[in-house]
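Listing of final_23.pdb; format and content: PDB, C-alpha atoms.
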ATOM      1  CA  MET O   7      15.219 -14.994   5.822
ATOM      2  CA  LYS O   8      12.970 -17.382   7.741
ATOM      3  CA  VAL O   9      11.271 -20.562   6.527
ATOM      4  CA  SER O  10       8.844 -22.634   8.584
ATOM      5  CA  ILE O  11       8.129 -26.317   7.964
ATOM      6  CA  LEU O  12       4.855 -27.729   9.282
ATOM      7  CA  GLY O  13       5.339 -31.479   9.556
ATOM      8  CA  SER O  14       9.070 -31.211  10.140
ATOM      9  CA  THR O  15       9.592 -34.643  11.702
ATOM     10  CA  GLY O  16       8.282 -36.535   8.702
ATOM     11  CA  VAL O  17      10.603 -37.991   6.076
ATOM     12  CA  ILE O  18      10.076 -35.089   3.670
ATOM     13  CA  GLY O  19       9.977 -32.324   6.270
ATOM     14  CA  LYS O  20      13.274 -33.159   7.955
ATOM     15  CA  ASN O  21      15.046 -33.745   4.635
ATOM     16  CA  VAL O  22      13.869 -30.396   3.291
ATOM     17  CA  ALA O  23      15.067 -28.725   6.496
ATOM     18  CA  PHE O  24      18.533 -30.262   6.219
ATOM     19  CA  THR O  25      18.834 -29.581   2.482
ATOM     20  CA  LEU O  26      17.828 -25.946   2.992
ATOM     21  CA  ALA O  27      20.194 -25.516   5.915
ATOM     22  CA  ARG O  28      23.091 -26.926   3.885
ATOM     23  CA  ALA O  29      22.270 -24.551   0.999
ATOM     24  CA  ASP O  30      22.995 -21.715   3.448
ATOM     25  CA  THR O  31      20.372 -19.406   1.907
ATOM     26  CA  VAL O  32      18.122 -19.008   4.969
ATOM     27  CA  ASP O  33      18.824 -17.608   8.419
ATOM     28  CA  GLU O  34      16.281 -19.631  10.375
ATOM     29  CA  ILE O  35      14.248 -22.792   9.831
ATOM     30  CA  VAL O  36      11.313 -23.334  12.156
ATOM     31  CA  MET O  37      10.703 -27.057  12.583
ATOM     32  CA  PHE O  38       7.075 -27.168  13.617
ATOM     33  CA  ALA O  39       5.649 -30.430  14.956
ATOM     34  CA  ARG O  40       2.696 -31.635  16.974
ATOM     35  CA  PRO O  41       3.254 -31.376  20.755
ATOM     36  CA  GLN O  42       3.882 -35.128  21.029
ATOM     37  CA  SER O  43       6.582 -34.895  18.328
ATOM     38  CA  VAL O  44       8.504 -31.852  19.545
ATOM     39  CA  ASP O  45      11.172 -33.989  21.241
ATOM     40  CA  LYS O  46      11.787 -35.715  17.932
ATOM     41  CA  ALA O  47      12.079 -32.318  16.239
ATOM     42  CA  LYS O  48      14.629 -31.310  18.886
ATOM     43  CA  GLY O  49      16.598 -34.480  18.236
ATOM     44  CA  GLU O  50      16.611 -33.739  14.506
ATOM     45  CA  THR O  51      17.974 -30.241  15.125
ATOM     46  CA  PHE O  52      20.760 -31.549  17.383
ATOM     47  CA  ASP O  53      21.772 -34.029  14.701
ATOM     48  CA  MET O  54      21.655 -31.379  11.970
ATOM     49  CA  TYR O  55      23.735 -28.916  13.980
ATOM     50  CA  ASP O  56      26.480 -31.544  14.252
ATOM     51  CA  ALA O  57      26.487 -32.034  10.493
ATOM     52  CA  LEU O  58      26.321 -28.314   9.685
ATOM     53  CA  ALA O  59      29.321 -27.645  11.921
ATOM     54  CA  ALA O  60      31.414 -29.772   9.576
ATOM     55  CA  GLU O  61      30.699 -27.281   6.795
ATOM     56  CA  ASP O  62      30.849 -24.139   8.958
ATOM     57  CA  ILE O  63      27.209 -23.302   8.328
ATOM     58  CA  ASP O  64      25.339 -21.221  10.877
ATOM     59  CA  CYS O  65      21.604 -21.680  10.380
ATOM     60  CA  GLU O  66      19.244 -21.364  13.332
ATOM     61  CA  LEU O  67      16.968 -24.386  13.749
ATOM     62  CA  THR O  68      13.905 -23.865  15.941
ATOM     63  CA  PRO O  69      11.892 -26.924  17.056
ATOM     64  CA  THR O  70       8.424 -25.933  18.262
ATOM     65  CA  SER O  71       4.732 -26.736  18.463
ATOM     66  CA  ASP O  72       3.748 -23.088  18.978
ATOM     67  CA  PHE O  73       2.278 -21.347  15.921
ATOM     68  CA  ASN O  74       3.554 -18.026  17.270
ATOM     69  CA  ASP O  75       7.043 -19.148  16.237
ATOM     70  CA  ILE O  76       6.175 -19.060  12.518
ATOM     71  CA  LYS O  77       5.706 -15.277  12.707
ATOM     72  CA  ASP O  78       7.587 -13.305  10.007
ATOM     73  CA  SER O  79       8.239 -16.404   7.876
ATOM     74  CA  ALA O  80       8.901 -15.686   4.206
ATOM     75  CA  ILE O  81       7.687 -19.184   3.300
ATOM     76  CA  VAL O  82       5.641 -21.713   5.242
ATOM     77  CA  LEU O  83       5.847 -25.251   3.886
ATOM     78  CA  ILE O  84       3.054 -27.699   4.708
ATOM     79  CA  THR O  85       4.288 -31.289   4.507
ATOM     80  CA  ALA O  86       2.072 -32.662   7.277
ATOM     81  CA  GLY O  87      -0.401 -35.394   6.445
ATOM     82  CA  ILE O  88      -0.970 -39.103   6.120
ATOM     83  CA  PRO O  89       1.765 -40.523   3.853
ATOM     84  CA  ARG O  90       0.905 -42.560   0.791
ATOM     85  CA  GLN O  91       1.331 -46.321   1.194
ATOM     86  CA  GLU O  92       2.113 -48.833  -1.532
ATOM     87  CA  GLY O  93      -0.843 -49.231  -3.903
ATOM     88  CA  MET O  94      -2.599 -46.102  -2.646
ATOM     89  CA  ASN O  95      -3.747 -43.427  -5.040
ATOM     90  CA  ARG O  96      -2.864 -39.885  -3.968
ATOM     91  CA  ARG O  97      -6.595 -39.063  -3.988
ATOM     92  CA  ASP O  98      -7.184 -41.771  -1.328
ATOM     93  CA  LEU O  99      -5.596 -39.321   1.090
ATOM     94  CA  ALA O 100      -7.738 -36.360   0.081
ATOM     95  CA  ILE O 101     -10.241 -35.847   2.894
ATOM     96  CA  PRO O 102      -8.098 -36.710   5.964
ATOM     97  CA  ASN O 103      -5.218 -34.613   4.669
ATOM     98  CA  ALA O 104      -7.532 -31.772   3.677
ATOM     99  CA  LYS O 105      -8.579 -31.399   7.321
ATOM    100  CA  ILE O 106      -4.933 -30.991   8.314
ATOM    101  CA  VAL O 107      -4.173 -28.518   5.518
ATOM    102  CA  LYS O 108      -7.319 -26.521   6.318
ATOM    103  CA  ASN O 109      -6.324 -26.129   9.963
ATOM    104  CA  TYR O 110      -2.720 -25.217   9.168
ATOM    105  CA  SER O 111      -3.748 -22.731   6.472
ATOM    106  CA  GLU O 112      -6.018 -20.921   8.898
ATOM    107  CA  GLN O 113      -3.188 -20.747  11.443
ATOM    108  CA  ILE O 114      -0.735 -19.429   8.839
ATOM    109  CA  ALA O 115      -3.201 -16.658   7.954
ATOM    110  CA  ILE O 116      -3.263 -15.633  11.620
ATOM    111  CA  HIS O 117       0.417 -15.948  12.505
ATOM    112  CA  ALA O 118       2.275 -15.418   9.187
ATOM    113  CA  PRO O 119      -0.088 -13.383   6.979
ATOM    114  CA  ASP O 120       2.709 -12.146   4.700
ATOM    115  CA  ALA O 121       4.177 -15.584   3.979
ATOM    116  CA  ILE O 122       4.038 -17.640   0.812
ATOM    117  CA  ILE O 123       2.367 -21.003   1.448
ATOM    118  CA  LEU O 124       4.023 -23.969  -0.243
ATOM    119  CA  ILE O 125       2.052 -27.232  -0.259
ATOM    120  CA  ALA O 126       3.699 -30.669  -0.375
ATOM    121  CA  THR O 127       0.876 -32.669   1.224
ATOM    122  CA  ASN O 128      -0.842 -35.081  -1.173
ATOM    123  CA  PRO O 129      -2.958 -34.946  -3.244
ATOM    124  CA  VAL O 130      -1.096 -31.710  -3.817
ATOM    125  CA  ASP O 131      -3.319 -30.138  -6.487
ATOM    126  CA  ILE O 132      -6.420 -30.512  -4.325
ATOM    127  CA  MET O 133      -4.555 -29.412  -1.185
ATOM    128  CA  THR O 134      -3.435 -26.258  -3.013
ATOM    129  CA  THR O 135      -7.051 -25.230  -3.503
ATOM    130  CA  VAL O 136      -7.878 -26.131   0.108
ATOM    131  CA  ALA O 137      -4.992 -23.955   1.368
ATOM    132  CA  LEU O 138      -6.043 -21.122  -0.914
ATOM    133  CA  LYS O 139      -9.639 -21.162   0.314
ATOM    134  CA  TYR O 140      -8.966 -21.416   4.024
ATOM    135  CA  SER O 141      -5.973 -19.072   4.177
ATOM    136  CA  GLY O 142      -7.733 -16.373   2.201
ATOM    137  CA  PHE O 143      -4.397 -15.529   0.547
ATOM    138  CA  ASP O 144      -3.901 -14.211  -2.959
ATOM    139  CA  ARG O 145      -3.535 -17.156  -5.329
ATOM    140  CA  LYS O 146      -0.048 -15.993  -6.315
ATOM    141  CA  LYS O 147       1.087 -16.793  -2.770
ATOM    142  CA  VAL O 148      -0.329 -20.336  -2.492
ATOM    143  CA  ILE O 149       1.781 -22.819  -4.438
ATOM    144  CA  GLY O 150       1.756 -26.618  -4.660
ATOM    145  CA  ILE O 151       4.879 -28.575  -5.593
ATOM    146  CA  GLY O 152       2.807 -29.819  -8.533
ATOM    147  CA  ASN O 153       4.698 -31.434 -11.391
ATOM    148  CA  HIS O 154       8.131 -30.051 -10.560
ATOM    149  CA  LEU O 155       9.280 -33.445  -9.287
ATOM    150  CA  ASP O 156       7.618 -35.226 -12.230
ATOM    151  CA  SER O 157       9.456 -32.906 -14.630
ATOM    152  CA  LEU O 158      12.778 -33.625 -12.907
ATOM    153  CA  ARG O 159      12.099 -37.356 -13.109
ATOM    154  CA  LEU O 160      11.312 -37.173 -16.817
ATOM    155  CA  LYS O 161      14.464 -35.151 -17.381
ATOM    156  CA  ALA O 162      16.493 -37.807 -15.552
ATOM    157  CA  TYR O 163      14.865 -40.652 -17.478
ATOM    158  CA  PHE O 164      15.656 -39.119 -20.868
ATOM    159  CA  SER O 165      19.204 -38.452 -19.706
ATOM    160  CA  GLN O 166      19.665 -42.071 -18.617
ATOM    161  CA  PHE O 167      18.054 -43.610 -21.706
ATOM    162  CA  ILE O 168      20.040 -41.515 -24.155
ATOM    163  CA  ASN O 169      23.207 -41.440 -22.023
ATOM    164  CA  ILE O 170      23.500 -37.675 -22.237
ATOM    165  CA  ASN O 171      24.083 -34.972 -19.628
ATOM    166  CA  SER O 172      20.790 -33.982 -18.026
ATOM    167  CA  SER O 173      21.495 -30.296 -18.698
ATOM    168  CA  GLU O 174      20.868 -31.040 -22.382
ATOM    169  CA  VAL O 175      17.331 -32.247 -21.683
ATOM    170  CA  HIS O 176      14.538 -29.664 -21.580
ATOM    171  CA  THR O 177      11.177 -31.180 -20.828
ATOM    172  CA  ARG O 178       8.125 -30.536 -18.690
ATOM    173  CA  VAL O 179       5.203 -32.372 -17.130
ATOM    174  CA  ILE O 180       1.918 -30.566 -16.426
ATOM    175  CA  GLY O 181      -1.602 -31.416 -15.226
ATOM    176  CA  GLU O 182      -2.218 -33.535 -12.140
ATOM    177  CA  HIS O 183       0.600 -34.655  -9.871
ATOM    178  CA  GLY O 184      -0.713 -38.190 -10.147
ATOM    179  CA  ASP O 185      -2.129 -40.603 -12.685
ATOM    180  CA  HIS O 186      -3.318 -37.825 -14.988
ATOM    181  CA  MET O 187      -0.017 -36.048 -15.456
ATOM    182  CA  VAL O 188       0.673 -34.783 -18.972
ATOM    183  CA  PRO O 189       4.259 -34.951 -20.297
ATOM    184  CA  LEU O 190       4.750 -32.232 -22.912
ATOM    185  CA  LEU O 191       6.651 -34.360 -25.406
ATOM    186  CA  SER O 192       5.698 -32.063 -28.283
ATOM    187  CA  SER O 193       7.920 -29.332 -26.814
ATOM    188  CA  THR O 194      10.669 -31.545 -25.333
ATOM    189  CA  THR O 195      14.132 -30.929 -26.746
ATOM    190  CA  ILE O 196      17.431 -32.805 -26.442
ATOM    191  CA  GLY O 197      20.409 -30.511 -26.960
ATOM    192  CA  GLY O 198      18.071 -28.025 -28.615
ATOM    193  CA  ILE O 199      16.771 -30.657 -31.050
ATOM    194  CA  PRO O 200      13.027 -31.451 -30.850
ATOM    195  CA  LEU O 201      12.446 -34.925 -29.424
ATOM    196  CA  LYS O 202      10.503 -36.110 -32.471
ATOM    197  CA  TYR O 203      13.630 -35.628 -34.591
ATOM    198  CA  PHE O 204      16.098 -36.840 -32.007
ATOM    199  CA  VAL O 205      14.408 -40.187 -31.338
ATOM    200  CA  LYS O 206      14.748 -41.158 -35.005
ATOM    201  CA  SER O 207      18.455 -41.664 -34.477
ATOM    202  CA  VAL O 208      18.320 -43.012 -30.904
ATOM    203  CA  ASP O 209      16.427 -46.084 -29.711
ATOM    204  CA  VAL O 210      14.213 -44.503 -27.029
ATOM    205  CA  ASP O 211      11.188 -46.471 -25.856
ATOM    206  CA  VAL O 212       9.058 -43.417 -25.075
ATOM    207  CA  LYS O 213       5.978 -45.424 -24.049
ATOM    208  CA  ARG O 214       7.973 -47.455 -21.529
ATOM    209  CA  LEU O 215       9.660 -44.316 -20.251
ATOM    210  CA  LEU O 216       6.323 -42.558 -19.624
ATOM    211  CA  ASN O 217       4.900 -45.615 -17.884
ATOM    212  CA  ARG O 218       7.942 -45.586 -15.587
ATOM    213  CA  LEU O 219       7.287 -41.898 -14.865
ATOM    214  CA  LYS O 220       3.669 -42.424 -13.848
ATOM    215  CA  ASN O 221       4.607 -45.315 -11.550
ATOM    216  CA  ALA O 222       7.742 -43.721 -10.103
ATOM    217  CA  GLY O 223       6.295 -42.976  -6.675
ATOM    218  CA  ASN O 224       4.753 -46.405  -6.189
ATOM    219  CA  THR O 225       7.937 -48.106  -7.399
ATOM    220  CA  ILE O 226      10.057 -46.286  -4.822
ATOM    221  CA  ILE O 227       7.510 -46.826  -2.033
ATOM    222  CA  SER O 228       7.329 -50.569  -2.788
ATOM    223  CA  LYS O 229      11.108 -50.892  -2.485
ATOM    224  CA  LYS O 230      12.040 -48.571   0.401
ATOM    225  CA  GLY O 231       8.769 -47.545   2.033
ATOM    226  CA  ALA O 232       8.694 -43.862   1.066
ATOM    227  CA  THR O 233       9.904 -41.335  -1.461
ATOM    228  CA  GLU O 234      12.542 -39.180   0.166
ATOM    229  CA  TYR O 235      15.414 -37.529  -1.706
ATOM    230  CA  GLY O 236      13.569 -36.632  -4.919
ATOM    231  CA  PRO O 237      10.652 -34.771  -3.279
ATOM    232  CA  SER O 238      12.907 -33.152  -0.674
ATOM    233  CA  PHE O 239      15.347 -31.750  -3.213
ATOM    234  CA  ALA O 240      12.518 -30.667  -5.526
ATOM    235  CA  ILE O 241      10.849 -28.764  -2.671
ATOM    236  CA  SER O 242      14.141 -27.225  -1.551
ATOM    237  CA  ASN O 243      14.755 -26.169  -5.135
ATOM    238  CA  LEU O 244      11.394 -24.371  -5.231
ATOM    239  CA  ILE O 245      12.061 -22.634  -1.902
ATOM    240  CA  SER O 246      15.542 -21.514  -2.965
ATOM    241  CA  THR O 247      14.170 -20.208  -6.272
ATOM    242  CA  ILE O 248      11.605 -18.100  -4.417
ATOM    243  CA  ILE O 249      14.004 -16.838  -1.749
ATOM    244  CA  THR O 250      16.706 -15.840  -4.245
ATOM    245  CA  ASP O 251      14.133 -14.166  -6.523
ATOM    246  CA  SER O 252      15.561 -16.157  -9.436
ATOM    247  CA  HIS O 253      12.573 -15.807 -11.776
ATOM    248  CA  LYS O 254      13.050 -19.364 -13.022
ATOM    249  CA  ILE O 255      10.263 -21.123 -14.915
ATOM    250  CA  LEU O 256       9.232 -24.200 -12.916
ATOM    251  CA  THR O 257       6.116 -26.369 -13.016
ATOM    252  CA  VAL O 258       4.019 -25.963  -9.883
ATOM    253  CA  SER O 259       0.398 -26.331  -8.909
ATOM    254  CA  THR O 260      -1.522 -23.074  -8.976
ATOM    255  CA  TYR O 261      -5.165 -22.055  -9.078
ATOM    256  CA  LEU O 262      -6.112 -21.381 -12.683
ATOM    257  CA  ASP O 263      -8.458 -18.665 -13.892
ATOM    258  CA  GLY O 264      -8.461 -19.293 -17.626
ATOM    259  CA  GLU O 265      -4.743 -18.719 -18.295
ATOM    260  CA  ILE O 266      -4.162 -22.200 -19.768
ATOM    261  CA  GLU O 267      -6.664 -23.722 -22.213
ATOM    262  CA  ASP O 268      -9.536 -21.726 -20.633
ATOM    263  CA  VAL O 269      -9.358 -23.915 -17.526
ATOM    264  CA  TYR O 270     -10.984 -22.319 -14.480
ATOM    265  CA  ASP O 271     -11.568 -22.992 -10.781
ATOM    266  CA  VAL O 272      -9.015 -25.757 -10.240
ATOM    267  CA  SER O 273      -5.373 -26.048  -9.195
ATOM    268  CA  LEU O 274      -3.115 -27.896 -11.639
ATOM    269  CA  GLY O 275       0.556 -28.091 -12.491
ATOM    270  CA  VAL O 276       1.589 -25.517 -15.104
ATOM    271  CA  PRO O 277       4.819 -23.629 -15.832
ATOM    272  CA  VAL O 278       5.166 -20.378 -13.882
ATOM    273  CA  VAL O 279       7.790 -17.742 -13.200
ATOM    274  CA  LEU O 280       8.693 -17.875  -9.505
ATOM    275  CA  SER O 281       9.858 -14.827  -7.568
ATOM    276  CA  LYS O 282      10.134 -13.687  -3.961
ATOM    277  CA  LYS O 283       6.515 -12.518  -4.239
ATOM    278  CA  GLY O 284       5.316 -15.970  -5.298
ATOM    279  CA  ILE O 285       4.005 -16.614  -8.785
ATOM    280  CA  ALA O 286       5.052 -13.682 -10.960
ATOM    281  CA  MET O 287       3.517 -15.094 -14.135
ATOM    282  CA  ILE O 288       1.707 -18.151 -15.465
ATOM    283  CA  VAL O 289       3.550 -19.059 -18.647
ATOM    284  CA  PRO O 290       1.408 -19.696 -21.753
ATOM    285  CA  ILE O 291       2.193 -23.019 -23.411
ATOM    286  CA  HIS O 292       1.544 -24.713 -26.728
ATOM    287  CA  MET O 293       0.138 -28.250 -26.701
ATOM    288  CA  ASN O 294      -0.776 -30.651 -29.475
ATOM    289  CA  ASP O 295      -4.318 -32.022 -29.588
ATOM    290  CA  TYR O 296      -3.460 -35.159 -27.619
ATOM    291  CA  GLU O 297      -1.856 -33.132 -24.816
ATOM    292  CA  LYS O 298      -4.785 -30.712 -24.744
ATOM    293  CA  ASN O 299      -7.250 -33.579 -24.340
ATOM    294  CA  LYS O 300      -5.206 -35.119 -21.543
ATOM    295  CA  PHE O 301      -4.887 -31.760 -19.789
ATOM    296  CA  HIS O 302      -8.647 -31.233 -19.891
ATOM    297  CA  GLU O 303      -9.126 -34.772 -18.571
ATOM    298  CA  ALA O 304      -6.828 -33.977 -15.658
ATOM    299  CA  CYS O 305      -8.780 -30.783 -15.068
ATOM    300  CA  ARG O 306     -12.110 -32.618 -14.953
ATOM    301  CA  ILE O 307     -10.934 -35.321 -12.539
ATOM    302  CA  VAL O 308      -9.065 -33.006 -10.155
ATOM    303  CA  LYS O 309     -11.907 -30.484 -10.148
ATOM    304  CA  GLU O 310     -14.521 -33.148  -9.328
ATOM    305  CA  THR O 311     -12.455 -34.492  -6.428
ATOM    306  CA  THR O 312     -11.692 -30.977  -5.178
ATOM    307  CA  TYR O 313     -15.385 -30.131  -5.033
ATOM    308  CA  GLU O 314     -16.081 -33.347  -3.106
ATOM    309  CA  VAL O 315     -13.321 -32.551  -0.604
ATOM    310  CA  LEU O 316     -14.432 -28.944  -0.088
ATOM    311  CA  GLN O 317     -18.021 -30.080   0.422
ATOM    312  CA  ALA O 318     -16.885 -32.662   2.990
ATOM    313  CA  LEU O 319     -14.879 -29.993   4.832
ATOM    314  CA  ASP O 320     -17.840 -27.599   4.884
ATOM    315  CA  ASN O 321     -20.151 -30.324   6.205
ATOM    316  CA  ASP O 322     -17.668 -31.545   8.806
ATOM    317  CA  TRP O 323     -16.591 -28.185  10.156
TER     318      TRP O 323
END

Since I need it in another form, could you write the structure as structure tokens?
Amino acid sequence: MKVSILGSTGVIGKNVAFTLARADTVDEIVMFARPQSVDKAKGETFDMYDALAAEDIDCELTPTSDFNDIKDSAIVLITAGIPRQEGMNRRDLAIPNAKIVKNYSEQIAIHAPDAIILIATNPVDIMTTVALKYSGFDRKKVIGIGNHLDSLRLKAYFSQFININSSEVHTRVIGEHGDHMVPLLSSTTIGGIPLKYFVKSVDVDVKRLLNRLKNAGNTIISKKGATEYGPSFAISNLISTIITDSHKILTVSTYLDGEIEDVYDVSLGVPVVLSKKGIAMIVPIHMNDYEKNKFHEACRIVKETTYEVLQALDNDW
């Protein structure tokens, strides 16, 4: 099994590569970089080989700037782009990063037409639509990391606040991977008990917890300069789920055609069943009225920005 990472010398790209290699579920990882960064990619592979030897893992690492090397990839991950700085909104990155994703998506269509495209470049919901349009792939095979990381963060927060093992927390975040994310508190359970009943006996400041969730990225960036381990492990988790054909339900960004709340023509984070063929099923969900309104608000804002980005790309290219 072969996975290619476009943007492999960035913080996320190299961490995903190392996490995947350590998981020992892939045979080869192509670490694609711009020509001026290939030496850095080579250095990363040398360093990783030393670490992998300690665990007797044999995974081929291929540093390259040649798109021909991504041929026969099962998954191509796009992490390349301008990283978000402190105080920046993910949508501030939209147009410059869309140009990168457009170019890479076209190259993937040429050199790895059977691959699944996984998008990590921000703003990820918009970039998912850009990759879909310019690759020409079936929408089941173009997936953004969406709210998977947000859902993991919310799970961790509940676990920490209640002081309970995280495996007992079942929760999900949908909508935009950004300011207009929608935590599905109405269907969150703690040890199988609906949250609305559980919080009566435990002092959980839900409002504070959700505010922490929405500011998680900026908080980390302000303190260490970039998000690193959370996104990398979340992405690796998605890749492993696809490769192993696990059919797990995870929340990713996908292009909607009326499956959730009659929302059309926009990519948003929703729960899906992931398989080796990509998205096997978009999972129907129940929302209360508040969550429905917030989801439609996310739809409106992401759709408007997506249209602006696509128009800019068409005018520029």

>> Give me the residues near Val107 (chain O) as a VMD selection string, where near means some atom within 10 Å (using all atoms listed in the file) and where sequence neighbours in that chain fewer than 3 positions away do not count.
In response: chain O and resid 12 84 to 87 101 to 104 110 to 113 125 127 to 128 133 to 134 136 to 138 140 to 141

> Care to translate the PyMOL selection byres ((chain O and resi 229-236) around 12) into actual residues of this file, as a PyMOL selection string?
Replying inline: chain O and resi 16-22+24-25+88-93+151+154-159+162+222-228+237-243

> Once you count only C-alpha atoms, which residues end up no further than 12 Å from (4.1, -38.3, -18.9) in the file's frame, shown as a PyMOL selection string?
Replying inline: chain O and resi 153+155-161+163-164+177-192+194+212-222+296-297+300-301

>> My list of candidates is O:Ile35, O:His176, O:Lys146, O:Leu83. Which is closest to Leu201 (chain O) when distances are computed with only C-alpha atoms?
In response: O:His176

>> Given only C-alpha atoms as the basis, pick out the residue of O:Val276, O:Val269, O:Val315, O:Ala59 nearest to Glu303 (chain O).
In response: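 Using only C-alpha atoms, Glu303 (chain O) sits closest to O:Val269.
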
Output the residue selection produced by the PyMOL selection byres ((chain O and resi 51) around 9) on the file above, formatted as a PDB file with C-alpha atoms, in the coordinates of the input.
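So selection-v5.pdb came out as:
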ATOM      1  CA  PHE O  24      18.533 -30.262   6.219  1.00  0.00           C
ATOM      2  CA  MET O  37      10.703 -27.057  12.583  1.00  0.00           C
ATOM      3  CA  LYS O  46      11.787 -35.715  17.932  1.00  0.00           C
ATOM      4  CA  ALA O  47      12.079 -32.318  16.239  1.00  0.00           C
ATOM      5  CA  LYS O  48      14.629 -31.310  18.886  1.00  0.00           C
ATOM      6  CA  GLY O  49      16.598 -34.480  18.236  1.00  0.00           C
ATOM      7  CA  GLU O  50      16.611 -33.739  14.506  1.00  0.00           C
ATOM      8  CA  PHE O  52      20.760 -31.549  17.383  1.00  0.00           C
ATOM      9  CA  ASP O  53      21.772 -34.029  14.701  1.00  0.00           C
ATOM     10  CA  MET O  54      21.655 -31.379  11.970  1.00  0.00           C
ATOM     11  CA  TYR O  55      23.735 -28.916  13.980  1.00  0.00           C
ATOM     12  CA  ASP O  56      26.480 -31.544  14.252  1.00  0.00           C
ATOM     13  CA  LEU O  67      16.968 -24.386  13.749  1.00  0.00           C
ATOM     14  CA  THR O  68      13.905 -23.865  15.941  1.00  0.00           C
ATOM     15  CA  PRO O  69      11.892 -26.924  17.056  1.00  0.00           C
TER      16      PRO O  69
END

> Selected by the PyMOL selection byres ((chain O and resi 148) around 10) in the shown coordinates: which residues, as a ChimeraX atom specification?
Replying inline: /O:81-82,111,121-125,134-139,141-147,149-150,259-261,284-285

>> I'd like the neighbourhood of Tyr270 (chain O) as a ChimeraX atom specification, where a residue qualifies if any of its atoms comes within 10 Å (using all atoms listed in the file), though same-chain residues fewer than 4 positions away should be ignored.
In response: /O:261-266,305,309

> Counting all atoms listed in the file, which of O:Thr195, O:Thr247, O:Asp98, O:Ile132 gets nearest to Leu26 (chain O)?
Replying inline: O:Thr247

> Expressed in Å to a single decimal, how great is the separation between CA of Asp62 (chain O) and CA of Val36 (chain O)?
Replying inline: 19.8 Å

> In terms of the shortest atom-to-atom distance over only C-alpha atoms, which of O:Asn169, O:Ser246, O:Ser273, O:Thr257 is closest to Arg306 (chain O)?
Replying inline: O:Ser273

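A straight line drawn from CA of Ala100 (chain O) to CA of Asp120 (chain O) is 26.8 Å long.
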
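The gap separating CA of Ile116 (chain O) from CA of Phe38 (chain O) is 15.6 Å, in Å to one decimal.
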
Around region 225-233 of chain O, fit a box with edges along x, y and z, padding it by 3 Å on each side, then list its centre and edge lengths in Å to one decimal as lines of an AutoDock Vina configuration file.
center_x = 9.7
center_y = -46.1
center_z = -2.7
size_x = 10.7
size_y = 15.6
size_z = 15.4
